[in-house]
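Taking it in order: structure first as structure tokens, then the write-up.
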Amino acid sequence: MKSHIAHDWVSLHASDPRVKLVAAKMKKENYRPDALIEILHTAQNAFGHLPMPILHFIGKGLKLPGSRVFSTVTFYHFFSLKSKGEHTCLVCTGTACYVKGAQAILNEIEDKLGLKTGQVTKDNKLGIQVARCIGACGLAPAVVINDEVHGKILPADVLAMINQKMTAHEQVGTE
Amino acid sequence: MNRLELNSYVDKAKAKLAEKAGAPQIRVCCGAGCLSSGADDLVKTLNQEVKSLNIDAEIIPTGCMGPCNQGPLIKCDPGNTIYQKAEPGKMRDLLQSHYAENTPVTEQLLFAGSRETPFLDADEDPYFKKQLRIALKDCGHLDPEKIDDYLVNDGYHALDKALFAMTPEDVISEVKQSRLRGRGGAGYPTGLKWETVYRYVNDQKYVICNGDEGDPGAFMDRSLLEGNPHRILEGMAIAAFAIGASKGFAYIRGEYPLAIKRFEAAIKLARKLGLLGKNILGSEFHFDVEVRIGAGAFVCGEETALIASIEGKKGNPRPRPPYPAESGLWGKPTLINNVETYAAIAPIITRGGEWYSEIGTAKSAGTKVFALAGKINNAGLIEVPMGTTLREVVYDIGGGIQGGGNFKAAQTGGPSGGCIPANHLDVKMDYESLVSLGSIMGSGGLIVMDESSDMVDVARYFMEFCMDESCGKCAPCRIGTKMMHDLLQKICKNKATRIDLERLEELADYVKNTSLCGLGSSAPNPLLSTLRHFREEYENRITETSPKHTVVA
């Protein structure tokens with residue numbers, strides 16, 4: 001049992017490369033509690049989100065109470081306790097995008113896909129998020145699909161674009 | 001490397017450059033905007049095309065050139081000719097014509113289509129002519145990933161001067177003389193801040209660079225960090241020398257992965273050449289910088305919250321005093337400045353505080369970088385002397401309103417700022433003038449709105465932002481922003497009464513005056529400024545009577 005980071009519903013094996021990555025980062029940071037945010041960044045990069053067991057693991061490593069780890073995670077928008085989906089579509093709602101119709105884009109996505117911001121499709125394929133500002137204001141309104149920024153988007157085109165990016169990604173995967 | 005070794009290293013690099021003087025150079029804007037319009041592919045294509053066309057040209061990826069809306073952009077040197085909307089497919093013909101046949105492609109010149117005769121030399125275009133680029137000087141010109149590019153453009157010259165020809169007191173007095181004020185928004189005199197931290201005696205002090213550019217609609221810091229990271233590093237090192245710090249942190253938004261990557265690369269290169277680390281350039285001065293990645297909390301732009309975040313905690317602000325200058329990071333005296341402030345330091349040290357103080361207005365010296373966006377033709381990054389009028393920015397540089405509409409308002413200062421209406425288009429853009437109109441300079445986001453914008457909804461939009469970003473520590477901000485948001489929503493839905501409007505104004509006053517930090521105390525600004533300049537839009541939506549709101553005494 002010791003080789004497992006036990007938790008109610010999921011358990012992560014210590015030999016999981018992602019866990020190893022987090023463990024290595026903690027060691028590198030000398031298990032300083034100050035480095036909590038840095039380590040959370042590493043964990044989220046490895047897992048795509050922050051599953052509860054890894055939070056316990058980090059808390060133990062840094063000798064921090066679970067409450068402290070959990071409250072830090074939930075304080076920052078960047079950290080997510082839930083999976084963001086295999087593909088992500090992030091609609092920028094910064095001021096420039098707002099002025100140029102970001103809401104219409106978001107409405108289009110939410111209406112047509114029947115998803116709300118922050119939700120993921122049932123098959124975990126696609127997650128919809130909003131960003132406060134991605135700093136691509138010169139190209140407003142902007143949408144980020146799988147970390148790729150697309151500027152000057154029209155509401156009518158956004159779904160086609162998401163589909164295209166999702167299929168393109170899948171084709172690369174099957175080749 | 002010590003001083004002499006670096007000098008000879010730079011001389012060698014300069015000699016190499018001189019050999020190639022006059023040879024074709026093609027600069028490709030790889031700022032965030034142009035990258036998302038395909039600048040990466042463009043670099044690849046250009047490299048292939050110059051080979052196959054046998055043009056002996058160097059392809060240089062650079063930081064943001066400025067006119068993001070026209071991207072992707074390439075600049076063909078010699079001649080300083082910028083081509084807009086540079087698609088890979090068009091490059092072969094363009095290169096052939098521009099270099100082999102010596103005929104510029106007029107229809108693809110920057111602002112072709114919006115100017116009758118676009119300019120061959122981009123600096124002749126009003127977009128650049130009206131600007132004065134000090135912080136942005138090398139941004140869009142040098143390769144941000146090569147330290148040699150910065151060095152041959154007199155990079156780290158100011159650090160050398162500070163270390164070997166000046167005392168910390170000299171540096172501080174030079175910065176004081178420049179009358180530089182904090183570019184993060186509040187406009188506190190930079191020299192004074194440095195002096196305060198300098199005066200606290202402690203064996204450990206810290207320098208922090210605030211790159212948590214959280215204002216929606218602002219991308220100045222991002223472009224500076226991505227376009228010329230060494231300039232920021234040099235500014236931080238000079239600041240550290242002046243106040244006696246040996247350690248620095250650059251806190252950069254997690255939303256800016258490219259800025260983080262380039263800044264981290266810059267730190268590594270600087271360490272390699274002995275420009276960071278122990279005994280910098282052979283002097284007694286030690287200084288090193290680490291990057292801290294923000295995790296998406298607007299409040300972390302507030303200095304005490306930012307410090308908490310670097311310490312690995314929730315980004316909650318704390319009451320001041322004590323100010324970070326006295327007790328900051330881990331309780332040590334700490335200097336925090338914005339990215340753009342650090343970007344102005346090297347030129348001030350090199351050319352003197354007096355030179356800088358002569359630019360701009362009596363109370364606001366120097367230049368300011370603005371991120372121009374919204375319903376404007378030439379959206380992008382600009383830098384103008386303080387005191388340039390809003391009209392000049394919107395019409396001469398910005399090229400007017402997109403789609404030929406009418407200017408309605410310009411929003412400055414993000415969620416802490418306000419809206420400037422059309423009858424104040426001639427306002428001088430400096431700290432005091434903007435405050436007198438109920439807005440603030442802020443970090444430099446400037447969003448232009450036309451008549452399609454609903455000002456009550458604009459106020460609601462910013463209030464929603466503040467409500468969401470309130471850290472929840474103090475009640476006025478946590479509860480007040482939520483209540484104000486709900487009231488604004490009610491007005492937007494035409495369901496509010498006069499009493500609601502009165503309550504809203506009353507609340508705005510409470511929140512402004514009783515919140516713990518800048519987030520709360522400035523959260524009512526967008527509401528108050530739209531109420532001041534566009535009151536009729538609120539009044540038009542008020543239903544006069546509502547039995548629900550009869551006062552029960």
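Chain identifiers are assigned as A, B, and so on, following the order in which chains appear in the structure tokens; residues are numbered from 1 within each chain, and ligands are numbered from 1 in order of appearance.
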What's the 10 Å shell around Arg18 in chain A, counting only C-alpha atoms, without same-chain residues fewer than 2 positions away, as a PDB file with all heavy atoms, in the first residue's frame?
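part07.pdb, written as the output of this step:
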ATOM      1  N   LEU A  12      -3.098   6.885  -7.268  1.00  0.00           N
ATOM      2  CA  LEU A  12      -2.018   7.104  -8.207  1.00  0.00           C
ATOM      3  C   LEU A  12      -0.838   6.283  -7.743  1.00  0.00           C
ATOM      4  O   LEU A  12      -0.502   6.287  -6.567  1.00  0.00           O
ATOM      5  CB  LEU A  12      -1.625   8.581  -8.215  1.00  0.00           C
ATOM      6  CG  LEU A  12      -2.593   9.542  -8.885  1.00  0.00           C
ATOM      7  CD1 LEU A  12      -2.219  10.961  -8.547  1.00  0.00           C
ATOM      8  CD2 LEU A  12      -2.592   9.337 -10.378  1.00  0.00           C
ATOM      9  N   HIS A  13      -0.237   5.592  -8.672  1.00  0.00           N
ATOM     10  CA  HIS A  13       0.907   4.787  -8.285  1.00  0.00           C
ATOM     11  C   HIS A  13       2.164   5.644  -8.273  1.00  0.00           C
ATOM     12  O   HIS A  13       2.336   6.504  -9.129  1.00  0.00           O
ATOM     13  CB  HIS A  13       1.063   3.623  -9.271  1.00  0.00           C
ATOM     14  CG  HIS A  13       1.841   2.504  -8.687  1.00  0.00           C
ATOM     15  ND1 HIS A  13       3.202   2.495  -8.691  1.00  0.00           N
ATOM     16  CD2 HIS A  13       1.435   1.380  -8.051  1.00  0.00           C
ATOM     17  CE1 HIS A  13       3.614   1.391  -8.083  1.00  0.00           C
ATOM     18  NE2 HIS A  13       2.558   0.697  -7.684  1.00  0.00           N
ATOM     19  N   ALA A  14       3.015   5.416  -7.305  1.00  0.00           N
ATOM     20  CA  ALA A  14       4.221   6.240  -7.193  1.00  0.00           C
ATOM     21  C   ALA A  14       5.142   6.083  -8.399  1.00  0.00           C
ATOM     22  O   ALA A  14       5.973   6.931  -8.671  1.00  0.00           O
ATOM     23  CB  ALA A  14       4.972   5.910  -5.920  1.00  0.00           C
ATOM     24  N   SER A  15       4.942   4.973  -9.141  1.00  0.00           N
ATOM     25  CA  SER A  15       5.798   4.787 -10.307  1.00  0.00           C
ATOM     26  C   SER A  15       5.252   5.510 -11.545  1.00  0.00           C
ATOM     27  O   SER A  15       5.885   5.547 -12.582  1.00  0.00           O
ATOM     28  CB  SER A  15       5.937   3.304 -10.616  1.00  0.00           C
ATOM     29  OG  SER A  15       4.675   2.811 -11.005  1.00  0.00           O
ATOM     30  N   ASP A  16       4.047   6.073 -11.406  1.00  0.00           N
ATOM     31  CA  ASP A  16       3.469   6.864 -12.492  1.00  0.00           C
ATOM     32  C   ASP A  16       4.448   7.986 -12.842  1.00  0.00           C
ATOM     33  O   ASP A  16       4.871   8.739 -11.961  1.00  0.00           O
ATOM     34  CB  ASP A  16       2.131   7.449 -11.994  1.00  0.00           C
ATOM     35  CG  ASP A  16       1.382   8.191 -13.088  1.00  0.00           C
ATOM     36  OD1 ASP A  16       2.063   8.833 -13.920  1.00  0.00           O
ATOM     37  OD2 ASP A  16       0.142   8.140 -13.101  1.00  0.00           O
ATOM     38  N   LYS A  20       6.189  10.963 -10.507  1.00  0.00           N
ATOM     39  CA  LYS A  20       7.640  11.099 -10.375  1.00  0.00           C
ATOM     40  C   LYS A  20       8.092  12.528 -10.680  1.00  0.00           C
ATOM     41  O   LYS A  20       8.978  13.068 -10.029  1.00  0.00           O
ATOM     42  CB  LYS A  20       8.346  10.129 -11.331  1.00  0.00           C
ATOM     43  CG  LYS A  20       8.448   8.726 -10.790  1.00  0.00           C
ATOM     44  CD  LYS A  20       9.289   7.902 -11.729  1.00  0.00           C
ATOM     45  CE  LYS A  20       9.620   6.549 -11.127  1.00  0.00           C
ATOM     46  NZ  LYS A  20      10.224   5.680 -12.133  1.00  0.00           N
ATOM     47  N   LEU A  21       7.448  13.083 -11.716  1.00  0.00           N
ATOM     48  CA  LEU A  21       7.782  14.455 -12.109  1.00  0.00           C
ATOM     49  C   LEU A  21       7.518  15.435 -10.962  1.00  0.00           C
ATOM     50  O   LEU A  21       8.328  16.311 -10.657  1.00  0.00           O
ATOM     51  CB  LEU A  21       6.905  14.829 -13.316  1.00  0.00           C
ATOM     52  CG  LEU A  21       7.507  15.714 -14.380  1.00  0.00           C
ATOM     53  CD1 LEU A  21       8.626  14.992 -15.099  1.00  0.00           C
ATOM     54  CD2 LEU A  21       6.430  16.132 -15.371  1.00  0.00           C
ATOM     55  N   VAL A  22       6.365  15.251 -10.325  1.00  0.00           N
ATOM     56  CA  VAL A  22       5.999  16.128  -9.213  1.00  0.00           C
ATOM     57  C   VAL A  22       6.959  15.915  -8.043  1.00  0.00           C
ATOM     58  O   VAL A  22       7.428  16.873  -7.422  1.00  0.00           O
ATOM     59  CB  VAL A  22       4.534  15.877  -8.777  1.00  0.00           C
ATOM     60  CG1 VAL A  22       4.183  16.709  -7.558  1.00  0.00           C
ATOM     61  CG2 VAL A  22       3.579  16.180  -9.921  1.00  0.00           C
ATOM     62  N   ALA A  23       7.285  14.640  -7.790  1.00  0.00           N
ATOM     63  CA  ALA A  23       8.201  14.336  -6.690  1.00  0.00           C
ATOM     64  C   ALA A  23       9.569  14.966  -6.937  1.00  0.00           C
ATOM     65  O   ALA A  23      10.180  15.544  -6.030  1.00  0.00           O
ATOM     66  CB  ALA A  23       8.336  12.824  -6.529  1.00  0.00           C
ATOM     67  N   ALA A  24      10.012  14.886  -8.196  1.00  0.00           N
ATOM     68  CA  ALA A  24      11.315  15.457  -8.535  1.00  0.00           C
ATOM     69  C   ALA A  24      11.310  16.969  -8.349  1.00  0.00           C
ATOM     70  O   ALA A  24      12.268  17.551  -7.845  1.00  0.00           O
ATOM     71  CB  ALA A  24      11.675  15.109  -9.980  1.00  0.00           C
ATOM     72  N   THR A  42       3.715  22.513 -11.996  1.00  0.00           N
ATOM     73  CA  THR A  42       4.307  21.285 -12.542  1.00  0.00           C
ATOM     74  C   THR A  42       3.269  20.169 -12.571  1.00  0.00           C
ATOM     75  O   THR A  42       3.139  19.447 -13.564  1.00  0.00           O
ATOM     76  CB  THR A  42       5.500  20.837 -11.663  1.00  0.00           C
ATOM     77  OG1 THR A  42       6.386  21.940 -11.525  1.00  0.00           O
ATOM     78  CG2 THR A  42       6.224  19.654 -12.270  1.00  0.00           C
ATOM     79  N   ALA A  43       2.540  20.035 -11.474  1.00  0.00           N
ATOM     80  CA  ALA A  43       1.551  18.959 -11.388  1.00  0.00           C
ATOM     81  C   ALA A  43       0.458  19.142 -12.432  1.00  0.00           C
ATOM     82  O   ALA A  43       0.057  18.194 -13.118  1.00  0.00           O
ATOM     83  CB  ALA A  43       0.949  18.923  -9.983  1.00  0.00           C
ATOM     84  N   GLN A  44      -0.006  20.378 -12.582  1.00  0.00           N
ATOM     85  CA  GLN A  44      -1.078  20.597 -13.553  1.00  0.00           C
ATOM     86  C   GLN A  44      -0.589  20.374 -14.985  1.00  0.00           C
ATOM     87  O   GLN A  44      -1.318  19.861 -15.825  1.00  0.00           O
ATOM     88  CB  GLN A  44      -1.668  21.994 -13.396  1.00  0.00           C
ATOM     89  CG  GLN A  44      -2.760  22.264 -14.419  1.00  0.00           C
ATOM     90  CD  GLN A  44      -3.817  23.211 -13.917  1.00  0.00           C
ATOM     91  OE1 GLN A  44      -4.392  23.025 -12.845  1.00  0.00           O
ATOM     92  NE2 GLN A  44      -4.096  24.230 -14.690  1.00  0.00           N
ATOM     93  N   ASN A  45       0.660  20.746 -15.239  1.00  0.00           N
ATOM     94  CA  ASN A  45       1.226  20.482 -16.567  1.00  0.00           C
ATOM     95  C   ASN A  45       1.280  18.988 -16.837  1.00  0.00           C
ATOM     96  O   ASN A  45       1.035  18.534 -17.949  1.00  0.00           O
ATOM     97  CB  ASN A  45       2.647  21.045 -16.667  1.00  0.00           C
ATOM     98  CG  ASN A  45       2.637  22.518 -16.996  1.00  0.00           C
ATOM     99  OD1 ASN A  45       1.625  23.040 -17.468  1.00  0.00           O
ATOM    100  ND2 ASN A  45       3.733  23.188 -16.723  1.00  0.00           N
ATOM    101  N   ALA A  46       1.597  18.204 -15.805  1.00  0.00           N
ATOM    102  CA  ALA A  46       1.739  16.771 -15.987  1.00  0.00           C
ATOM    103  C   ALA A  46       0.384  16.077 -16.137  1.00  0.00           C
ATOM    104  O   ALA A  46       0.213  15.205 -16.979  1.00  0.00           O
ATOM    105  CB  ALA A  46       2.506  16.173 -14.802  1.00  0.00           C
ATOM    106  N   PHE A  47      -0.584  16.494 -15.328  1.00  0.00           N
ATOM    107  CA  PHE A  47      -1.869  15.785 -15.306  1.00  0.00           C
ATOM    108  C   PHE A  47      -2.945  16.453 -16.159  1.00  0.00           C
ATOM    109  O   PHE A  47      -3.985  15.865 -16.409  1.00  0.00           O
ATOM    110  CB  PHE A  47      -2.403  15.695 -13.863  1.00  0.00           C
ATOM    111  CG  PHE A  47      -1.638  14.736 -12.998  1.00  0.00           C
ATOM    112  CD1 PHE A  47      -0.530  15.141 -12.283  1.00  0.00           C
ATOM    113  CD2 PHE A  47      -2.034  13.407 -12.901  1.00  0.00           C
ATOM    114  CE1 PHE A  47       0.174  14.258 -11.490  1.00  0.00           C
ATOM    115  CE2 PHE A  47      -1.336  12.514 -12.104  1.00  0.00           C
ATOM    116  CZ  PHE A  47      -0.229  12.932 -11.400  1.00  0.00           C
ATOM    117  N   ILE A  54      -3.096  13.926  -5.909  1.00  0.00           N
ATOM    118  CA  ILE A  54      -1.804  14.598  -6.070  1.00  0.00           C
ATOM    119  C   ILE A  54      -1.707  15.789  -5.106  1.00  0.00           C
ATOM    120  O   ILE A  54      -0.627  16.132  -4.636  1.00  0.00           O
ATOM    121  CB  ILE A  54      -1.556  15.017  -7.548  1.00  0.00           C
ATOM    122  CG1 ILE A  54      -0.051  15.200  -7.800  1.00  0.00           C
ATOM    123  CG2 ILE A  54      -2.253  16.285  -7.946  1.00  0.00           C
ATOM    124  CD1 ILE A  54       0.741  13.932  -7.820  1.00  0.00           C
TER     125      ILE A  54
END
Which residues of chain B come within 6 Å of chain A, and what is each one's closest atom pair and distance in Å (one decimal), counting only C-alpha atoms, sorted by chain and residue number, as a tab-separated table?
residue	atom	partner	partner_atom	distance
B:Gly33	CA	A:Ala136	CA	5.5
B:Ser36	CA	A:Val149	CA	5.1
B:Cys68	CA	A:Gly138	CA	5.2
B:Asn69	CA	A:Gly138	CA	5.3
B:Pro216	CA	A:Gly94	CA	4.5
B:Gly217	CA	A:Thr95	CA	5.0
B:Phe219	CA	A:Gly135	CA	4.9
B:Ala295	CA	A:Phe78	CA	4.9
B:Gly296	CA	A:His77	CA	5.0
B:Ala297	CA	A:Tyr76	CA	5.6
B:Glu311	CA	A:Asp34	CA	4.8
B:Gly312	CA	A:Asp34	CA	4.4
B:Lys314	CA	A:Thr72	CA	5.2
B:Ala373	CA	A:Gly138	CA	5.6
B:Gly374	CA	A:Ala96	CA	4.7
B:Ala379	CA	A:Gly138	CA	5.0
B:Gly380	CA	A:Gly138	CA	5.3
Write out, as a PDB file, in the first residue's frame, the residues just selected, with C-alpha atoms.
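Below is the file that was written, result-v3.pdb:
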ATOM      1  CA  GLY B  33      -0.513  38.842 -32.378  1.00  0.00           C
ATOM      2  CA  SER B  36      -1.318  33.701 -33.947  1.00  0.00           C
ATOM      3  CA  CYS B  68      -0.940  44.001 -34.720  1.00  0.00           C
ATOM      4  CA  ASN B  69      -4.139  44.386 -36.693  1.00  0.00           C
ATOM      5  CA  PRO B 216      -8.151  42.962 -19.688  1.00  0.00           C
ATOM      6  CA  GLY B 217      -7.254  44.798 -22.877  1.00  0.00           C
ATOM      7  CA  PHE B 219      -0.610  43.787 -23.581  1.00  0.00           C
ATOM      8  CA  ALA B 295      -1.637  31.505 -11.602  1.00  0.00           C
ATOM      9  CA  GLY B 296      -4.414  33.732 -12.851  1.00  0.00           C
ATOM     10  CA  ALA B 297      -5.512  36.121 -10.135  1.00  0.00           C
ATOM     11  CA  GLU B 311       5.747  33.212  -1.029  1.00  0.00           C
ATOM     12  CA  GLY B 312       3.527  30.401  -2.290  1.00  0.00           C
ATOM     13  CA  LYS B 314      -3.059  32.758  -1.699  1.00  0.00           C
ATOM     14  CA  ALA B 373      -7.551  48.027 -29.199  1.00  0.00           C
ATOM     15  CA  GLY B 374     -11.285  47.873 -29.708  1.00  0.00           C
ATOM     16  CA  ALA B 379      -5.038  48.320 -33.233  1.00  0.00           C
ATOM     17  CA  GLY B 380      -1.640  47.611 -31.767  1.00  0.00           C
TER      18      GLY B 380
END
Name all residues at most 7 Å from range 141-144 of chain B (count only C-alpha atoms; drop same-chain ones fewer than 2 positions away) and give them as a list in words.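 Once the adjacent positions are removed, what remains is Ile60, Pro61, Thr62, Gly63, Asp138, Cys139, Lys146, Asp149, Tyr150, Glu226, Gly227, Asn228 and Pro229 of chain B.
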Test item, strand (DSSP E or B) assignment across range 359-458 of chain B, answer as JSON, numbers by chain: {"B": [360, 365, 367, 368, 369, 370, 371, 372, 373, 374, 376, 380, 381, 382, 383, 384, 385, 389, 401, 407, 408, 409, 410, 411, 412, 418, 419, 420, 421, 428, 445, 446, 447, 448, 449, 450]}
Generate a file of the selected residues that holds N, CA, C and O atoms, formatted as a CSV table (one decimal), in the first residue's frame.
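out.csv written:
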chain,number,residue,atom,x,y,z
B,360,GLY,N,7.6,64.8,-22.4
B,360,GLY,CA,6.3,64.7,-21.7
B,360,GLY,C,5.9,66.0,-21.1
B,360,GLY,O,6.2,67.1,-21.6
B,365,ALA,N,6.6,62.9,-16.8
B,365,ALA,CA,7.7,63.0,-17.7
B,365,ALA,C,7.8,61.7,-18.5
B,365,ALA,O,7.3,60.6,-18.1
B,367,THR,N,7.7,58.9,-21.7
B,367,THR,CA,6.7,58.3,-22.6
B,367,THR,C,5.9,57.2,-22.0
B,367,THR,O,6.2,56.8,-20.9
B,368,LYS,N,4.8,56.9,-22.6
B,368,LYS,CA,4.0,55.8,-22.1
B,368,LYS,C,3.6,54.9,-23.2
B,368,LYS,O,3.2,55.3,-24.3
B,369,VAL,N,3.7,53.6,-22.9
B,369,VAL,CA,3.2,52.6,-23.9
B,369,VAL,C,1.7,52.3,-23.8
B,369,VAL,O,1.3,52.2,-22.6
B,370,PHE,N,1.0,52.4,-24.8
B,370,PHE,CA,-0.4,52.0,-24.8
B,370,PHE,C,-0.7,50.8,-25.7
B,370,PHE,O,-0.1,50.7,-26.7
B,371,ALA,N,-1.6,50.0,-25.2
B,371,ALA,CA,-2.1,48.9,-26.0
B,371,ALA,C,-3.5,49.4,-26.6
B,371,ALA,O,-4.5,49.6,-25.9
B,372,LEU,N,-3.4,49.7,-27.9
B,372,LEU,CA,-4.6,50.3,-28.5
B,372,LEU,C,-5.4,49.2,-29.1
B,372,LEU,O,-5.0,48.4,-29.9
B,373,ALA,N,-6.7,49.1,-28.7
B,373,ALA,CA,-7.6,48.0,-29.2
B,373,ALA,C,-9.0,48.5,-29.2
B,373,ALA,O,-9.3,49.6,-28.9
B,374,GLY,N,-9.9,47.6,-29.6
B,374,GLY,CA,-11.3,47.9,-29.7
B,374,GLY,C,-11.7,48.3,-31.1
B,374,GLY,O,-11.1,47.8,-32.1
B,376,ILE,N,-11.0,50.2,-33.5
B,376,ILE,CA,-10.1,51.2,-34.0
B,376,ILE,C,-9.4,50.5,-35.2
B,376,ILE,O,-9.1,49.3,-35.2
B,380,GLY,N,-3.0,48.1,-32.0
B,380,GLY,CA,-1.6,47.6,-31.8
B,380,GLY,C,-1.0,48.3,-30.6
B,380,GLY,O,-1.6,48.9,-29.7
B,381,LEU,N,0.3,48.2,-30.6
B,381,LEU,CA,1.1,48.7,-29.5
B,381,LEU,C,1.8,50.0,-29.9
B,381,LEU,O,2.5,50.0,-30.9
B,382,ILE,N,1.6,51.0,-29.1
B,382,ILE,CA,2.3,52.3,-29.4
B,382,ILE,C,2.9,52.9,-28.2
B,382,ILE,O,2.7,52.5,-27.1
B,383,GLU,N,3.9,53.8,-28.4
B,383,GLU,CA,4.5,54.5,-27.3
B,383,GLU,C,4.6,56.0,-27.7
B,383,GLU,O,5.1,56.4,-28.8
B,384,VAL,N,4.0,56.8,-26.9
B,384,VAL,CA,3.9,58.3,-27.2
B,384,VAL,C,4.4,59.1,-26.0
B,384,VAL,O,4.4,58.6,-24.8
B,385,PRO,N,4.9,60.3,-26.2
B,385,PRO,CA,5.2,61.2,-25.1
B,385,PRO,C,4.0,61.4,-24.2
B,385,PRO,O,2.9,61.6,-24.8
B,389,THR,N,-2.4,64.1,-27.0
B,389,THR,CA,-3.9,64.1,-26.8
B,389,THR,C,-4.5,62.8,-27.2
B,389,THR,O,-4.0,62.0,-28.1
B,401,ILE,N,-11.9,55.4,-36.3
B,401,ILE,CA,-12.8,54.3,-35.9
B,401,ILE,C,-13.1,53.3,-37.0
B,401,ILE,O,-13.3,53.7,-38.1
B,407,PHE,N,-16.7,58.0,-32.8
B,407,PHE,CA,-16.0,57.7,-31.5
B,407,PHE,C,-17.1,58.0,-30.4
B,407,PHE,O,-17.7,59.0,-30.4
B,408,LYS,N,-17.2,57.0,-29.5
B,408,LYS,CA,-18.1,57.3,-28.4
B,408,LYS,C,-17.3,57.4,-27.1
B,408,LYS,O,-17.5,58.4,-26.3
B,409,ALA,N,-16.4,56.5,-26.8
B,409,ALA,CA,-15.6,56.6,-25.6
B,409,ALA,C,-14.3,55.8,-25.7
B,409,ALA,O,-14.2,54.9,-26.5
B,410,ALA,N,-13.3,56.2,-24.9
B,410,ALA,CA,-12.1,55.4,-24.8
B,410,ALA,C,-12.0,55.0,-23.4
B,410,ALA,O,-12.2,55.8,-22.4
B,411,GLN,N,-11.8,53.7,-23.2
B,411,GLN,CA,-11.7,53.2,-21.8
B,411,GLN,C,-10.2,53.1,-21.5
B,411,GLN,O,-9.4,52.4,-22.2
B,412,THR,N,-9.7,53.7,-20.4
B,412,THR,CA,-8.4,53.5,-20.0
B,412,THR,C,-8.3,53.0,-18.6
B,412,THR,O,-9.3,53.1,-17.8
B,418,GLY,N,-11.7,54.3,-16.2
B,418,GLY,CA,-13.0,54.9,-16.6
B,418,GLY,C,-13.0,55.1,-18.1
B,418,GLY,O,-12.1,54.8,-18.8
B,419,CYS,N,-14.2,55.7,-18.5
B,419,CYS,CA,-14.4,56.0,-19.9
B,419,CYS,C,-14.3,57.5,-20.2
B,419,CYS,O,-14.9,58.3,-19.4
B,420,ILE,N,-13.6,57.8,-21.2
B,420,ILE,CA,-13.4,59.2,-21.6
B,420,ILE,C,-14.3,59.5,-22.8
B,420,ILE,O,-14.2,58.8,-23.8
B,421,PRO,N,-15.3,60.4,-22.7
B,421,PRO,CA,-16.3,60.6,-23.8
B,421,PRO,C,-15.7,61.5,-24.9
B,421,PRO,O,-14.6,62.1,-24.7
B,428,LYS,N,-5.2,65.7,-22.6
B,428,LYS,CA,-3.8,65.2,-22.6
B,428,LYS,C,-3.6,63.9,-21.9
B,428,LYS,O,-4.1,63.8,-20.7
B,445,GLY,N,-3.8,50.1,-21.1
B,445,GLY,CA,-4.8,49.5,-22.0
B,445,GLY,C,-5.7,50.7,-22.5
B,445,GLY,O,-6.1,51.5,-21.6
B,446,LEU,N,-5.9,50.8,-23.8
B,446,LEU,CA,-6.8,51.8,-24.2
B,446,LEU,C,-7.7,51.2,-25.2
B,446,LEU,O,-7.4,50.8,-26.4
B,447,ILE,N,-9.0,51.1,-24.8
B,447,ILE,CA,-10.0,50.4,-25.6
B,447,ILE,C,-10.9,51.5,-26.2
B,447,ILE,O,-11.5,52.2,-25.5
B,448,VAL,N,-11.0,51.5,-27.5
B,448,VAL,CA,-11.8,52.5,-28.2
B,448,VAL,C,-13.2,51.9,-28.4
B,448,VAL,O,-13.3,50.8,-28.9
B,449,MET,N,-14.3,52.7,-28.1
B,449,MET,CA,-15.6,52.2,-28.4
B,449,MET,C,-16.4,53.1,-29.3
B,449,MET,O,-16.2,54.3,-29.2
B,450,ASP,N,-17.2,52.5,-30.1
B,450,ASP,CA,-18.0,53.3,-31.0
B,450,ASP,C,-19.4,53.3,-30.5
B,450,ASP,O,-19.7,52.8,-29.4
Neighbours of Ser37 in chain B within 6 Å (only C-alpha atoms; same-chain residues fewer than 2 positions away dropped), as a PyMOL selection string? chain B and resi 34-35+72
Can those selected residues be exported to a file as a tab-separated table (two decimals), in the first residue's frame so that it contains N, CA, C and O atoms?
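Written file, selection_10.tsv:
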chain	number	residue	atom	x	y	z
B	34	CYS	N	1.08	38.49	-34.15
B	34	CYS	CA	1.51	37.96	-35.44
B	34	CYS	C	1.74	36.45	-35.38
B	34	CYS	O	1.50	35.75	-36.36
B	35	LEU	N	2.18	35.95	-34.24
B	35	LEU	CA	2.35	34.50	-34.11
B	35	LEU	C	1.04	33.79	-34.33
B	35	LEU	O	0.98	32.74	-34.98
B	72	PRO	N	0.18	39.11	-40.29
B	72	PRO	CA	1.59	39.10	-39.91
B	72	PRO	C	2.41	40.12	-40.69
B	72	PRO	O	2.12	40.40	-41.85
Mind checking DSSP for range 15-141 of chain A and telling me the helix (DSSP H, G or I) residues as a count of residues only? 68
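The two atoms in question, CA of Asn124 in chain A and CA of Val91 in chain A, are spaced 18.2 Å apart.
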Might you pull out every residue within 7 Å of range 25-29 of chain B, with only C-alpha atoms counted and same-chain residues fewer than 3 positions away left off, and present them as an NGL selection string? :B and (34 or 39 or 43 or 57-65 or 72-78 or 140)
